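Notes follow once the structure below has been shown.
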Amino acid sequence: MNKIRSIKGTHDILPGESTKWRNLEKTIHDICAKFGHEEIRTPIFEETRLFARSVGENTDIVSKEMYTWKDKDNTYLTLRPELTASVARSFIQHSMKNKSPIQRFYYMGPLFRRERPQKGRQRQFHQFGVESFGSEYPEQDVEIISIAWHILRECGLKNNIKLNINSIGSIECRVAYKEALQNFLRPHLNMFSETSKRRFETNPLRILDTKNQDERLLLKEAPQISSYYSEEDLIHFESITRFLNDMGIQFKIDSNLVRGLDYYTRTVFEFTSELVGAQNALIGGGRYDGLIETLGGKNTPGIGFAAGMERFLIAMANTDGKIQSLKPDAYIICQNADYLSLVIQLSNQLREHGYKIIFDPLRRSMKAQLRDANRSGARYALILGEEEIKNNTINFKDLMENTQKTIPQLNLINFFDNLTN
Ligand code: HAM
């Protein structure tokens, strides 16, 4: 019979890897809490129209990449391809605006996009992200960027990332700019790719982030969105760049950065890292002041970002980023199965004191247990042979230094504490 395998673009997170995931998750929980953000968990599937309305019908995500099906009651449902829309839906549904003028969230979990799989791009992937609803001011934008920055720093990625930032202006600014851009592009349209031609009609701003070299060359002559900013747009963007400078966060203004989701207004940003490979966007985010209203809520500004967790882990594996070792502290070896009760007791005592302990549940020979202890990466082997049992002692072997010492069993915790402190 053919073996059943995981679906293309999905991955098992195996033991060993899963510890790295937990470490990353812990960092995210800790830092988001420091910024006053609280965790929100929304369902894995939602009504399709939630994403169509917010992310936009003509975006790649909605038009090509969603896993959608017609349910038995004829409603269209979709596995969530991103989380901002779900959090916004939840914000409206639970009337959170009435509870406090500022609502700060963070989240992590799996998402689904039917993209062509490659390194750093999956069909089921994971994001963590933050969203803040209520403030229209630039200090809120900078606070959000600052959360991303702290997490990157804590993960050891501070020196390997670039922050690109842009303002795509308010809605009025974009309407005027869109027309100017279309007027500029129209005479050259026949030299553009099919994708860009389609975008010319549906979302011409997306042409700005084309990867095609000829198109990029031509776009150098294109009108700039900054010429269409309102005074408020300009003040908002200038304040952000000033605050970022004050905080010592380096950034580059990239006037071609537009991002591929329709809900953005004004600020958009991305953190990229060469450590990930071709799919170099680690974090993407921006302001979405019209989103809540689009989804039927009361007008509320908002801003957030999301980061690909797989990409984070690839980047961390390619640097000396902080990935805590989860090797056991000690491996308890015993000569015969009669001592197992003692082995279990000692293991649990040590675990209660915070140590990572394993022992051999296969009742193998002492030689095989010692081999396994070395393979496990444990620093110490605690050996209970006949002599030790007779004298209520334990043999303490440092597997790194290759030294050993016999101590009373009663002193084990103390001995361990003194060693590791
Ligand atoms: P996004 O740019 O579509 O934005 O995704 C954010 C991040 O998710 C990307 O920078 C990347 O690291 C990761 N990512 C996206 N697609 C994949 C994939 N197929 N495989 C692996 N990783 C992927 C959003 O999703 C917005 N909701 C961000 C946001 C939050 N804006 C405001 N608030």
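Each chain in the structure tokens gets a letter, A, B, ..., in the order shown, and its residues are numbered from 1; ligands are numbered from 1 in order too.
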Per residue of chain A within 8 Å of ligand 1, what are the shortest atom pair and its distance in Å to one decimal, counting only C-alpha atoms and all ligand atoms, with rows by chain and residue number, as JSON lines?
{"residue": "A:Ile61", "atom": "CA", "partner": "ligand 1", "partner_atom_place_in_ligand_line": "3 (O)", "distance": 7.9}
{"residue": "A:Pro81", "atom": "CA", "partner": "ligand 1", "partner_atom_place_in_ligand_line": "25 (O)", "distance": 7.3}
{"residue": "A:Glu82", "atom": "CA", "partner": "ligand 1", "partner_atom_place_in_ligand_line": "25 (O)", "distance": 4.6}
{"residue": "A:Leu83", "atom": "CA", "partner": "ligand 1", "partner_atom_place_in_ligand_line": "27 (N)", "distance": 5.4}
{"residue": "A:Thr84", "atom": "CA", "partner": "ligand 1", "partner_atom_place_in_ligand_line": "27 (N)", "distance": 4.7}
{"residue": "A:Ala85", "atom": "CA", "partner": "ligand 1", "partner_atom_place_in_ligand_line": "27 (N)", "distance": 7.4}
{"residue": "A:Phe112", "atom": "CA", "partner": "ligand 1", "partner_atom_place_in_ligand_line": "19 (N)", "distance": 7.3}
{"residue": "A:Arg113", "atom": "CA", "partner": "ligand 1", "partner_atom_place_in_ligand_line": "19 (N)", "distance": 5.7}
{"residue": "A:Arg114", "atom": "CA", "partner": "ligand 1", "partner_atom_place_in_ligand_line": "19 (N)", "distance": 7.5}
{"residue": "A:Glu115", "atom": "CA", "partner": "ligand 1", "partner_atom_place_in_ligand_line": "19 (N)", "distance": 5.9}
{"residue": "A:Pro117", "atom": "CA", "partner": "ligand 1", "partner_atom_place_in_ligand_line": "19 (N)", "distance": 7.3}
{"residue": "A:Gly120", "atom": "CA", "partner": "ligand 1", "partner_atom_place_in_ligand_line": "21 (C)", "distance": 5.1}
{"residue": "A:Arg121", "atom": "CA", "partner": "ligand 1", "partner_atom_place_in_ligand_line": "20 (N)", "distance": 3.4}
{"residue": "A:Gln122", "atom": "CA", "partner": "ligand 1", "partner_atom_place_in_ligand_line": "20 (N)", "distance": 4.0}
{"residue": "A:Arg123", "atom": "CA", "partner": "ligand 1", "partner_atom_place_in_ligand_line": "19 (N)", "distance": 5.4}
{"residue": "A:Gln124", "atom": "CA", "partner": "ligand 1", "partner_atom_place_in_ligand_line": "20 (N)", "distance": 7.0}
{"residue": "A:Phe125", "atom": "CA", "partner": "ligand 1", "partner_atom_place_in_ligand_line": "21 (C)", "distance": 5.0}
{"residue": "A:His126", "atom": "CA", "partner": "ligand 1", "partner_atom_place_in_ligand_line": "22 (N)", "distance": 6.7}
{"residue": "A:Gln127", "atom": "CA", "partner": "ligand 1", "partner_atom_place_in_ligand_line": "8 (O)", "distance": 5.7}
{"residue": "A:Gly129", "atom": "CA", "partner": "ligand 1", "partner_atom_place_in_ligand_line": "30 (C)", "distance": 6.1}
{"residue": "A:Val130", "atom": "CA", "partner": "ligand 1", "partner_atom_place_in_ligand_line": "33 (N)", "distance": 6.5}
{"residue": "A:Glu131", "atom": "CA", "partner": "ligand 1", "partner_atom_place_in_ligand_line": "33 (N)", "distance": 5.7}
{"residue": "A:Arg259", "atom": "CA", "partner": "ligand 1", "partner_atom_place_in_ligand_line": "2 (O)", "distance": 6.8}
{"residue": "A:Gly260", "atom": "CA", "partner": "ligand 1", "partner_atom_place_in_ligand_line": "3 (O)", "distance": 7.0}
{"residue": "A:Leu261", "atom": "CA", "partner": "ligand 1", "partner_atom_place_in_ligand_line": "3 (O)", "distance": 7.1}
{"residue": "A:Tyr264", "atom": "CA", "partner": "ligand 1", "partner_atom_place_in_ligand_line": "32 (C)", "distance": 7.7}
{"residue": "A:Glu270", "atom": "CA", "partner": "ligand 1", "partner_atom_place_in_ligand_line": "10 (O)", "distance": 7.1}
{"residue": "A:Phe271", "atom": "CA", "partner": "ligand 1", "partner_atom_place_in_ligand_line": "10 (O)", "distance": 7.6}
{"residue": "A:Thr272", "atom": "CA", "partner": "ligand 1", "partner_atom_place_in_ligand_line": "10 (O)", "distance": 7.9}
{"residue": "A:Gln279", "atom": "CA", "partner": "ligand 1", "partner_atom_place_in_ligand_line": "11 (C)", "distance": 7.8}
{"residue": "A:Asn280", "atom": "CA", "partner": "ligand 1", "partner_atom_place_in_ligand_line": "12 (O)", "distance": 7.6}
{"residue": "A:Ala281", "atom": "CA", "partner": "ligand 1", "partner_atom_place_in_ligand_line": "10 (O)", "distance": 4.4}
{"residue": "A:Leu282", "atom": "CA", "partner": "ligand 1", "partner_atom_place_in_ligand_line": "12 (O)", "distance": 4.0}
{"residue": "A:Ile283", "atom": "CA", "partner": "ligand 1", "partner_atom_place_in_ligand_line": "10 (O)", "distance": 4.0}
{"residue": "A:Gly284", "atom": "CA", "partner": "ligand 1", "partner_atom_place_in_ligand_line": "2 (O)", "distance": 4.5}
{"residue": "A:Gly285", "atom": "CA", "partner": "ligand 1", "partner_atom_place_in_ligand_line": "31 (N)", "distance": 3.7}
{"residue": "A:Gly286", "atom": "CA", "partner": "ligand 1", "partner_atom_place_in_ligand_line": "32 (C)", "distance": 4.8}
{"residue": "A:Arg287", "atom": "CA", "partner": "ligand 1", "partner_atom_place_in_ligand_line": "32 (C)", "distance": 6.4}
{"residue": "A:Tyr288", "atom": "CA", "partner": "ligand 1", "partner_atom_place_in_ligand_line": "32 (C)", "distance": 7.1}
{"residue": "A:Ile303", "atom": "CA", "partner": "ligand 1", "partner_atom_place_in_ligand_line": "32 (C)", "distance": 5.7}
{"residue": "A:Gly304", "atom": "CA", "partner": "ligand 1", "partner_atom_place_in_ligand_line": "33 (N)", "distance": 3.5}
{"residue": "A:Phe305", "atom": "CA", "partner": "ligand 1", "partner_atom_place_in_ligand_line": "30 (C)", "distance": 3.5}
{"residue": "A:Ala306", "atom": "CA", "partner": "ligand 1", "partner_atom_place_in_ligand_line": "28 (C)", "distance": 4.2}
{"residue": "A:Ala307", "atom": "CA", "partner": "ligand 1", "partner_atom_place_in_ligand_line": "7 (C)", "distance": 4.2}
{"residue": "A:Gly308", "atom": "CA", "partner": "ligand 1", "partner_atom_place_in_ligand_line": "12 (O)", "distance": 3.3}
{"residue": "A:Met309", "atom": "CA", "partner": "ligand 1", "partner_atom_place_in_ligand_line": "12 (O)", "distance": 6.9}
{"residue": "A:Glu310", "atom": "CA", "partner": "ligand 1", "partner_atom_place_in_ligand_line": "21 (C)", "distance": 6.3}
{"residue": "A:Arg311", "atom": "CA", "partner": "ligand 1", "partner_atom_place_in_ligand_line": "12 (O)", "distance": 5.8}
{"residue": "A:Phe312", "atom": "CA", "partner": "ligand 1", "partner_atom_place_in_ligand_line": "12 (O)", "distance": 7.6}
With 12 Å as the cut-off and only C-alpha atoms counted, what is the closest atom pair between each nearby residue of region 155-200 of chain A and region 37-58 of chain A? Distances in Å to one decimal, ordered by chain and number, as a Markdown table.
| residue | atom | partner | partner_atom | distance |
| --- | --- | --- | --- | --- |
| A:Thr195 | CA | A:Asn58 | CA | 11.6 |
| A:Arg198 | CA | A:Asn58 | CA | 9.5 |
| A:Arg199 | CA | A:Asn58 | CA | 8.5 |
| A:Phe200 | CA | A:Asn58 | CA | 11.4 |
*Option closest in space to Asn183 (chain A), from A:Lys197, A:Pro223, A:Ser132, A:Ile151 [counting only C-alpha atoms]*: A:Pro223
*Determine which residues of region 152-319 of chain A receive a DSSP assignment of strand (DSSP E), computed from the backbone, and state them as a PyMOL selection string.*
chain A and resi 162-167+252-253+267-272+281-287+302-308
*Nearest candidate to Arg104 (chain A) (options A:Lys64, A:Lys72, A:Arg116, A:Lys34; using only C-alpha atoms)*: A:Lys34
Might you pull out every residue within 9 Å of Thr319 (chain A), with only C-alpha atoms counted and same-chain residues fewer than 5 positions away left off, and present them as a PDB file with C-alpha atoms, in the first residue's frame?
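Here's the written file selection.pdb:
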ATOM      1  CA  GLY A 156      19.557  37.497  17.932  1.00  0.00           C
ATOM      2  CA  LEU A 157      18.552  38.901  14.537  1.00  0.00           C
ATOM      3  CA  ASN A 160      20.854  40.836  10.138  1.00  0.00           C
ATOM      4  CA  LEU A 275      19.430  34.950   6.244  1.00  0.00           C
TER       5      LEU A 275
END
_Selected residue of minimal separation from Leu152 (chain A) among A:Thr300, A:Asn411, A:Thr202, A:Thr27, counting only C-alpha atoms_ =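 Among the listed residues, A:Thr27 lies closest to Leu152 (chain A).
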*Going by DSSP on the backbone, which bits of region 204-388 of chain A are helix (DSSP H, G or I)? Write them as an MDAnalysis selection string, please.*
chainID A and resid 204:209 213:219 225:228 231:247 291:294 309:317 337:352 366:376 386:388
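Shortest separation to Leu346 (chain A) among A:Ile314, A:Ile383, A:Leu24, A:Ala33 occurs at residue A:Ile383, atoms counted being only C-alpha atoms.
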_Set the distance at 6 Å and use only C-alpha atoms: which residues neighbour region 393-402 of chain A once local chain neighbours fewer than 2 positions away are removed? I'd like the list as an MDAnalysis selection string._
chainID A and resid 379:384 388 391 404:409
Mind writing the picked residues with N, CA, C and O atoms as a PDB file, in the first residue's frame?
ATOM      1  N   ARG A 379      24.942  16.642  30.086  1.00  0.00           N
ATOM      2  CA  ARG A 379      26.249  17.023  30.601  1.00  0.00           C
ATOM      3  C   ARG A 379      26.756  15.980  31.619  1.00  0.00           C
ATOM      4  O   ARG A 379      27.941  15.674  31.681  1.00  0.00           O
ATOM      5  N   TYR A 380      25.820  15.444  32.415  1.00  0.00           N
ATOM      6  CA  TYR A 380      26.233  14.520  33.479  1.00  0.00           C
ATOM      7  C   TYR A 380      25.521  13.175  33.349  1.00  0.00           C
ATOM      8  O   TYR A 380      24.372  13.101  32.921  1.00  0.00           O
ATOM      9  N   ALA A 381      26.223  12.127  33.770  1.00  0.00           N
ATOM     10  CA  ALA A 381      25.575  10.828  33.952  1.00  0.00           C
ATOM     11  C   ALA A 381      25.587  10.536  35.446  1.00  0.00           C
ATOM     12  O   ALA A 381      26.605  10.726  36.123  1.00  0.00           O
ATOM     13  N   LEU A 382      24.437  10.144  35.979  1.00  0.00           N
ATOM     14  CA  LEU A 382      24.347   9.795  37.407  1.00  0.00           C
ATOM     15  C   LEU A 382      24.192   8.274  37.455  1.00  0.00           C
ATOM     16  O   LEU A 382      23.199   7.739  36.957  1.00  0.00           O
ATOM     17  N   ILE A 383      25.181   7.615  38.031  1.00  0.00           N
ATOM     18  CA  ILE A 383      25.226   6.156  37.889  1.00  0.00           C
ATOM     19  C   ILE A 383      24.925   5.452  39.215  1.00  0.00           C
ATOM     20  O   ILE A 383      25.518   5.777  40.251  1.00  0.00           O
ATOM     21  N   LEU A 384      23.975   4.527  39.158  1.00  0.00           N
ATOM     22  CA  LEU A 384      23.615   3.723  40.326  1.00  0.00           C
ATOM     23  C   LEU A 384      23.992   2.267  40.047  1.00  0.00           C
ATOM     24  O   LEU A 384      23.276   1.549  39.342  1.00  0.00           O
ATOM     25  N   GLU A 388      26.997   1.608  44.805  1.00  0.00           N
ATOM     26  CA  GLU A 388      26.291   2.846  45.162  1.00  0.00           C
ATOM     27  C   GLU A 388      25.014   2.518  45.929  1.00  0.00           C
ATOM     28  O   GLU A 388      24.704   3.168  46.938  1.00  0.00           O
ATOM     29  N   ASN A 391      25.756   1.553  49.462  1.00  0.00           N
ATOM     30  CA  ASN A 391      26.221   2.649  50.331  1.00  0.00           C
ATOM     31  C   ASN A 391      25.335   3.888  50.287  1.00  0.00           C
ATOM     32  O   ASN A 391      25.736   4.947  50.808  1.00  0.00           O
ATOM     33  N   GLN A 404      34.887  11.954  37.516  1.00  0.00           N
ATOM     34  CA  GLN A 404      33.754  11.458  38.292  1.00  0.00           C
ATOM     35  C   GLN A 404      33.976  11.539  39.782  1.00  0.00           C
ATOM     36  O   GLN A 404      35.102  11.694  40.254  1.00  0.00           O
ATOM     37  N   LYS A 405      32.875  11.439  40.523  1.00  0.00           N
ATOM     38  CA  LYS A 405      32.915  11.622  41.963  1.00  0.00           C
ATOM     39  C   LYS A 405      31.744  10.842  42.536  1.00  0.00           C
ATOM     40  O   LYS A 405      30.665  10.804  41.934  1.00  0.00           O
ATOM     41  N   THR A 406      31.946  10.233  43.721  1.00  0.00           N
ATOM     42  CA  THR A 406      30.823   9.535  44.342  1.00  0.00           C
ATOM     43  C   THR A 406      30.334  10.364  45.532  1.00  0.00           C
ATOM     44  O   THR A 406      31.139  10.798  46.353  1.00  0.00           O
ATOM     45  N   ILE A 407      29.030  10.603  45.582  1.00  0.00           N
ATOM     46  CA  ILE A 407      28.473  11.446  46.650  1.00  0.00           C
ATOM     47  C   ILE A 407      27.273  10.737  47.293  1.00  0.00           C
ATOM     48  O   ILE A 407      26.645   9.889  46.649  1.00  0.00           O
ATOM     49  N   PRO A 408      26.923  11.106  48.544  1.00  0.00           N
ATOM     50  CA  PRO A 408      25.731  10.507  49.153  1.00  0.00           C
ATOM     51  C   PRO A 408      24.479  10.923  48.370  1.00  0.00           C
ATOM     52  O   PRO A 408      24.390  12.073  47.922  1.00  0.00           O
ATOM     53  N   GLN A 409      23.539  10.005  48.217  1.00  0.00           N
ATOM     54  CA  GLN A 409      22.305  10.331  47.476  1.00  0.00           C
ATOM     55  C   GLN A 409      21.588  11.533  48.081  1.00  0.00           C
ATOM     56  O   GLN A 409      21.006  12.354  47.388  1.00  0.00           O
TER      57      GLN A 409
END
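Interatomic distance, CA of Glu232 (chain A) to CA of Ser135 (chain A): 14.7 Å.
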*Neighbours of region 242-248 of chain A within 10 Å (only C-alpha atoms; same-chain residues fewer than 6 positions away dropped), as a PyMOL selection string?*
chain A and resi 138-139+141-143+145-146
Selected residues written out, N, CA and C atoms, as a tab-separated table (two decimals), in the first residue's frame:
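Result file is selection.tsv:
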chain	number	residue	atom	x	y	z
A	138	PRO	N	1.14	58.92	15.15
A	138	PRO	CA	2.38	58.24	14.71
A	138	PRO	C	3.10	57.50	15.83
A	139	GLU	N	2.92	57.93	17.09
A	139	GLU	CA	3.60	57.22	18.19
A	139	GLU	C	3.10	55.77	18.27
A	141	ASP	N	2.28	53.95	15.61
A	141	ASP	CA	2.99	53.23	14.53
A	141	ASP	C	4.37	52.80	15.04
A	142	VAL	N	5.02	53.75	15.72
A	142	VAL	CA	6.38	53.50	16.16
A	142	VAL	C	6.41	52.45	17.29
A	143	GLU	N	5.39	52.48	18.11
A	143	GLU	CA	5.29	51.48	19.19
A	143	GLU	C	5.18	50.07	18.57
A	145	ILE	N	6.21	49.10	15.55
A	145	ILE	CA	7.50	48.75	14.94
A	145	ILE	C	8.49	48.36	16.03
A	146	SER	N	8.37	49.04	17.15
A	146	SER	CA	9.27	48.79	18.26
A	146	SER	C	9.09	47.37	18.85
_Atomic distance CA of Ile333 (chain A) - CA of Pro15 (chain A), expressed in Å with one decimal_ =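 Between these atoms lies a distance of 22.9 Å.
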*Which one is closest to Glu231 (chain A): A:Gly169, A:Leu340, A:Lys158, A:Asn299? Count only C-alpha atoms.*
A:Gly169
